[in-house]
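Peer 1: Dropping the structure in here first, questions after.
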Amino acid sequence: MNAQNILTWYHVAAAWLAAHGLKILAIVLVGFILNRTANRFIEKIVRKVVVSNRFLSAEAEKKREDTLIRIINWAISITIILLGSLMILQEVGVPIGPILAGAGIVGLAVGFGGQYLIRDLISGFFIILENQYRIGDVVNLDGTGGLVEDISLRMTTLRDLDGTVIHIPHGEIKR
């Protein structure tokens with residue numbers, strides 16, 4: 001490779017970075033700032049909007065708020081990451097139309113095949129919305145008891161007295 005080829009390659013790379021690299025950097029920065037701002041905003045909103053229950057302690061209310069904040073922030077972060085990734089792929093020159101069409105087909109297949117997953121998600125949404133239990137509570141779910149270590153939209157993670165971690169899909173919880 002001679003000096004002329006290296007110089008030509010350098011100019012092409014510099015031109016591409018000037019045109020596309022700055023846009024990609026801007027997408028990443030805006031996504032990061034948007035995510036941080038949304039997380040703070042969601043925390044403030046949830047702490048103000050959640051109606052306190054006179055039967056629950058302040059600690060129990062804080063656990064409920066923290067659970068809601070974590071789940072909403074997770075959903076917003078995933079959305080921002082997906083949108084930012086699609087924008088970056090488009091900026092790099094990857095056509096995103098086929099990706100979106102493929103995602104739609106996969107979504108349709110998952111909808112038909114993932115009825116249990118959808119049942120778990122809907123049940124989890126109502127468990128969290130109705131404040132049935134929170135992280136840190138001790139519960140007995142259909143004969144399986146333990147300390148609630150984590151709640152997601154899909155499942156609850158318990159730790160029993162022996163230290164065994166148990167994952168229970170929300171759709172499996174009957175009482």
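Labeling convention for the structure tokens: chains A, B, ... as they appear, residues from 1 per chain, ligands from 1 in order of appearance.
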Just the alpha helix (DSSP H) stuff from range 14-171 of chain A, please, per backbone DSSP, written as a count of residues only.

Peer 2: 98

Peer 1: Could you build a table of the residues in range 60-151 of chain A lying no more than 12 Å from range 17-23 of chain A, giving for each the nearest pair of atoms and their separation in Å rounded to one decimal place, using only C-alpha atoms, ordered by chain and ascending residue number, as JSON lines?

Peer 2:
```
{"residue": "A:Gly84", "atom": "CA", "partner": "A:Lys23", "partner_atom": "CA", "distance": 11.3}
{"residue": "A:Met87", "atom": "CA", "partner": "A:Lys23", "partner_atom": "CA", "distance": 9.6}
{"residue": "A:Ile88", "atom": "CA", "partner": "A:Lys23", "partner_atom": "CA", "distance": 8.4}
{"residue": "A:Leu89", "atom": "CA", "partner": "A:His20", "partner_atom": "CA", "distance": 11.0}
{"residue": "A:Gln90", "atom": "CA", "partner": "A:His20", "partner_atom": "CA", "distance": 10.3}
{"residue": "A:Glu91", "atom": "CA", "partner": "A:His20", "partner_atom": "CA", "distance": 6.5}
{"residue": "A:Val92", "atom": "CA", "partner": "A:His20", "partner_atom": "CA", "distance": 7.2}
{"residue": "A:Gly93", "atom": "CA", "partner": "A:His20", "partner_atom": "CA", "distance": 9.7}
```

Peer 1: Now that the selection is made, can you save its residues with C-alpha atoms as a compact mmCIF listing (two decimals), in the first residue's frame?

Peer 2:
```txt
# COMPACT_ATOMS: atom_id res chain seq x y z
CA GLY A 84 -31.37 4.33 19.09
CA MET A 87 -31.38 4.90 14.06
CA ILE A 88 -27.67 4.01 14.20
CA LEU A 89 -28.17 1.05 11.84
CA GLN A 90 -29.97 3.33 9.40
CA GLU A 91 -27.16 5.90 9.64
CA VAL A 92 -24.55 3.24 8.95
CA GLY A 93 -26.46 2.25 5.82
```

Peer 1: List as an MDAnalysis selection string the protein and nucleic acid residues near Ser52 in chain A, meaning an atom at most 12 Å away when only C-alpha atoms are counted, but skip any in the same chain fewer than 2 places from it.

Peer 2: chainID A and resid 46:50 54:65 131

Peer 1: Using N, CA and C atoms, can you export the residues from the last selection as a CSV table (one decimal), in the first residue's frame?

Peer 2:
```csv
chain,number,residue,atom,x,y,z
A,46,VAL,N,-43.9,8.8,39.9
A,46,VAL,CA,-44.4,7.7,40.6
A,46,VAL,C,-44.5,8.0,42.1
A,47,ARG,N,-43.5,8.7,42.7
A,47,ARG,CA,-43.6,9.0,44.1
A,47,ARG,C,-44.7,10.0,44.4
A,48,LYS,N,-45.1,10.8,43.4
A,48,LYS,CA,-46.2,11.7,43.7
A,48,LYS,C,-47.6,11.1,43.3
A,49,VAL,N,-47.6,10.3,42.3
A,49,VAL,CA,-48.9,9.7,41.8
A,49,VAL,C,-49.4,8.6,42.6
A,50,VAL,N,-48.5,7.7,43.1
A,50,VAL,CA,-49.0,6.5,43.8
A,50,VAL,C,-49.7,6.9,45.1
A,54,ARG,N,-53.6,3.7,53.7
A,54,ARG,CA,-53.5,3.9,55.2
A,54,ARG,C,-53.3,2.7,55.9
A,55,PHE,N,-53.4,1.5,55.3
A,55,PHE,CA,-53.2,0.2,56.0
A,55,PHE,C,-51.7,-0.2,55.9
A,56,LEU,N,-51.0,0.4,55.1
A,56,LEU,CA,-49.6,0.0,54.8
A,56,LEU,C,-48.6,1.0,55.5
A,57,SER,N,-47.5,0.5,55.9
A,57,SER,CA,-46.5,1.4,56.5
A,57,SER,C,-45.8,2.2,55.4
A,58,ALA,N,-45.0,3.2,55.9
A,58,ALA,CA,-44.3,4.0,54.9
A,58,ALA,C,-43.2,3.2,54.2
A,59,GLU,N,-42.6,2.2,54.9
A,59,GLU,CA,-41.7,1.4,54.3
A,59,GLU,C,-42.3,0.5,53.2
A,60,ALA,N,-43.5,0.0,53.4
A,60,ALA,CA,-44.2,-0.8,52.4
A,60,ALA,C,-44.5,0.0,51.2
A,61,GLU,N,-45.0,1.2,51.4
A,61,GLU,CA,-45.3,2.1,50.3
A,61,GLU,C,-44.0,2.4,49.5
A,62,LYS,N,-42.9,2.6,50.1
A,62,LYS,CA,-41.7,2.9,49.4
A,62,LYS,C,-41.2,1.7,48.6
A,63,LYS,N,-41.4,0.5,49.1
A,63,LYS,CA,-41.1,-0.7,48.4
A,63,LYS,C,-42.0,-0.8,47.1
A,64,ARG,N,-43.2,-0.5,47.3
A,64,ARG,CA,-44.1,-0.5,46.1
A,64,ARG,C,-43.7,0.5,45.0
A,65,GLU,N,-43.4,1.7,45.5
A,65,GLU,CA,-43.0,2.7,44.6
A,65,GLU,C,-41.7,2.3,43.9
A,131,ASN,N,-50.7,-3.9,43.9
A,131,ASN,CA,-49.8,-4.0,45.1
A,131,ASN,C,-50.1,-5.2,45.9
```

Peer 1: Tell me, which residues of range 3-146 of chain A carry DSSP strand (DSSP E), written as a PyMOL selection string?

Peer 2: chain A and resi 138-141+144-146

Peer 1: Go ahead and save the picked residues with all heavy atoms, as a PDB file, in the first residue's frame.

Peer 2:
```pdb
ATOM      1  N   VAL A 138     -42.594 -11.374  52.700  1.00  0.00           N
ATOM      2  CA  VAL A 138     -42.561 -12.826  52.820  1.00  0.00           C
ATOM      3  C   VAL A 138     -43.933 -13.325  52.388  1.00  0.00           C
ATOM      4  O   VAL A 138     -44.951 -12.890  52.921  1.00  0.00           O
ATOM      5  CB  VAL A 138     -42.248 -13.272  54.265  1.00  0.00           C
ATOM      6  CG1 VAL A 138     -42.314 -14.780  54.385  1.00  0.00           C
ATOM      7  CG2 VAL A 138     -40.879 -12.761  54.688  1.00  0.00           C
ATOM      8  N   VAL A 139     -43.968 -14.202  51.373  1.00  0.00           N
ATOM      9  CA  VAL A 139     -45.236 -14.644  50.796  1.00  0.00           C
ATOM     10  C   VAL A 139     -45.276 -16.161  50.689  1.00  0.00           C
ATOM     11  O   VAL A 139     -44.250 -16.834  50.739  1.00  0.00           O
ATOM     12  CB  VAL A 139     -45.460 -14.022  49.395  1.00  0.00           C
ATOM     13  CG1 VAL A 139     -45.573 -12.515  49.472  1.00  0.00           C
ATOM     14  CG2 VAL A 139     -44.376 -14.424  48.428  1.00  0.00           C
ATOM     15  N   ASN A 140     -46.496 -16.660  50.523  1.00  0.00           N
ATOM     16  CA  ASN A 140     -46.725 -18.072  50.249  1.00  0.00           C
ATOM     17  C   ASN A 140     -47.593 -18.128  48.998  1.00  0.00           C
ATOM     18  O   ASN A 140     -48.761 -17.763  49.032  1.00  0.00           O
ATOM     19  CB  ASN A 140     -47.423 -18.735  51.433  1.00  0.00           C
ATOM     20  CG  ASN A 140     -47.537 -20.227  51.261  1.00  0.00           C
ATOM     21  OD1 ASN A 140     -47.308 -20.769  50.185  1.00  0.00           O
ATOM     22  ND2 ASN A 140     -47.910 -20.909  52.332  1.00  0.00           N
ATOM     23  N   LEU A 141     -47.006 -18.550  47.897  1.00  0.00           N
ATOM     24  CA  LEU A 141     -47.699 -18.585  46.605  1.00  0.00           C
ATOM     25  C   LEU A 141     -47.954 -20.031  46.228  1.00  0.00           C
ATOM     26  O   LEU A 141     -47.031 -20.760  45.870  1.00  0.00           O
ATOM     27  CB  LEU A 141     -46.858 -17.899  45.524  1.00  0.00           C
ATOM     28  CG  LEU A 141     -46.400 -16.473  45.827  1.00  0.00           C
ATOM     29  CD1 LEU A 141     -45.443 -15.977  44.762  1.00  0.00           C
ATOM     30  CD2 LEU A 141     -47.592 -15.547  45.944  1.00  0.00           C
ATOM     31  N   THR A 144     -45.698 -22.486  47.929  1.00  0.00           N
ATOM     32  CA  THR A 144     -44.273 -22.195  47.873  1.00  0.00           C
ATOM     33  C   THR A 144     -44.063 -20.854  48.556  1.00  0.00           C
ATOM     34  O   THR A 144     -44.591 -19.839  48.122  1.00  0.00           O
ATOM     35  CB  THR A 144     -43.781 -22.118  46.413  1.00  0.00           C
ATOM     36  OG1 THR A 144     -44.102 -23.337  45.761  1.00  0.00           O
ATOM     37  CG2 THR A 144     -42.298 -21.878  46.362  1.00  0.00           C
ATOM     38  N   GLY A 145     -43.284 -20.865  49.630  1.00  0.00           N
ATOM     39  CA  GLY A 145     -43.109 -19.640  50.397  1.00  0.00           C
ATOM     40  C   GLY A 145     -41.674 -19.180  50.420  1.00  0.00           C
ATOM     41  O   GLY A 145     -40.744 -19.940  50.167  1.00  0.00           O
ATOM     42  N   GLY A 146     -41.517 -17.895  50.725  1.00  0.00           N
ATOM     43  CA  GLY A 146     -40.187 -17.339  50.850  1.00  0.00           C
ATOM     44  C   GLY A 146     -40.204 -15.828  50.795  1.00  0.00           C
ATOM     45  O   GLY A 146     -41.263 -15.197  50.702  1.00  0.00           O
TER      46      GLY A 146
END
```
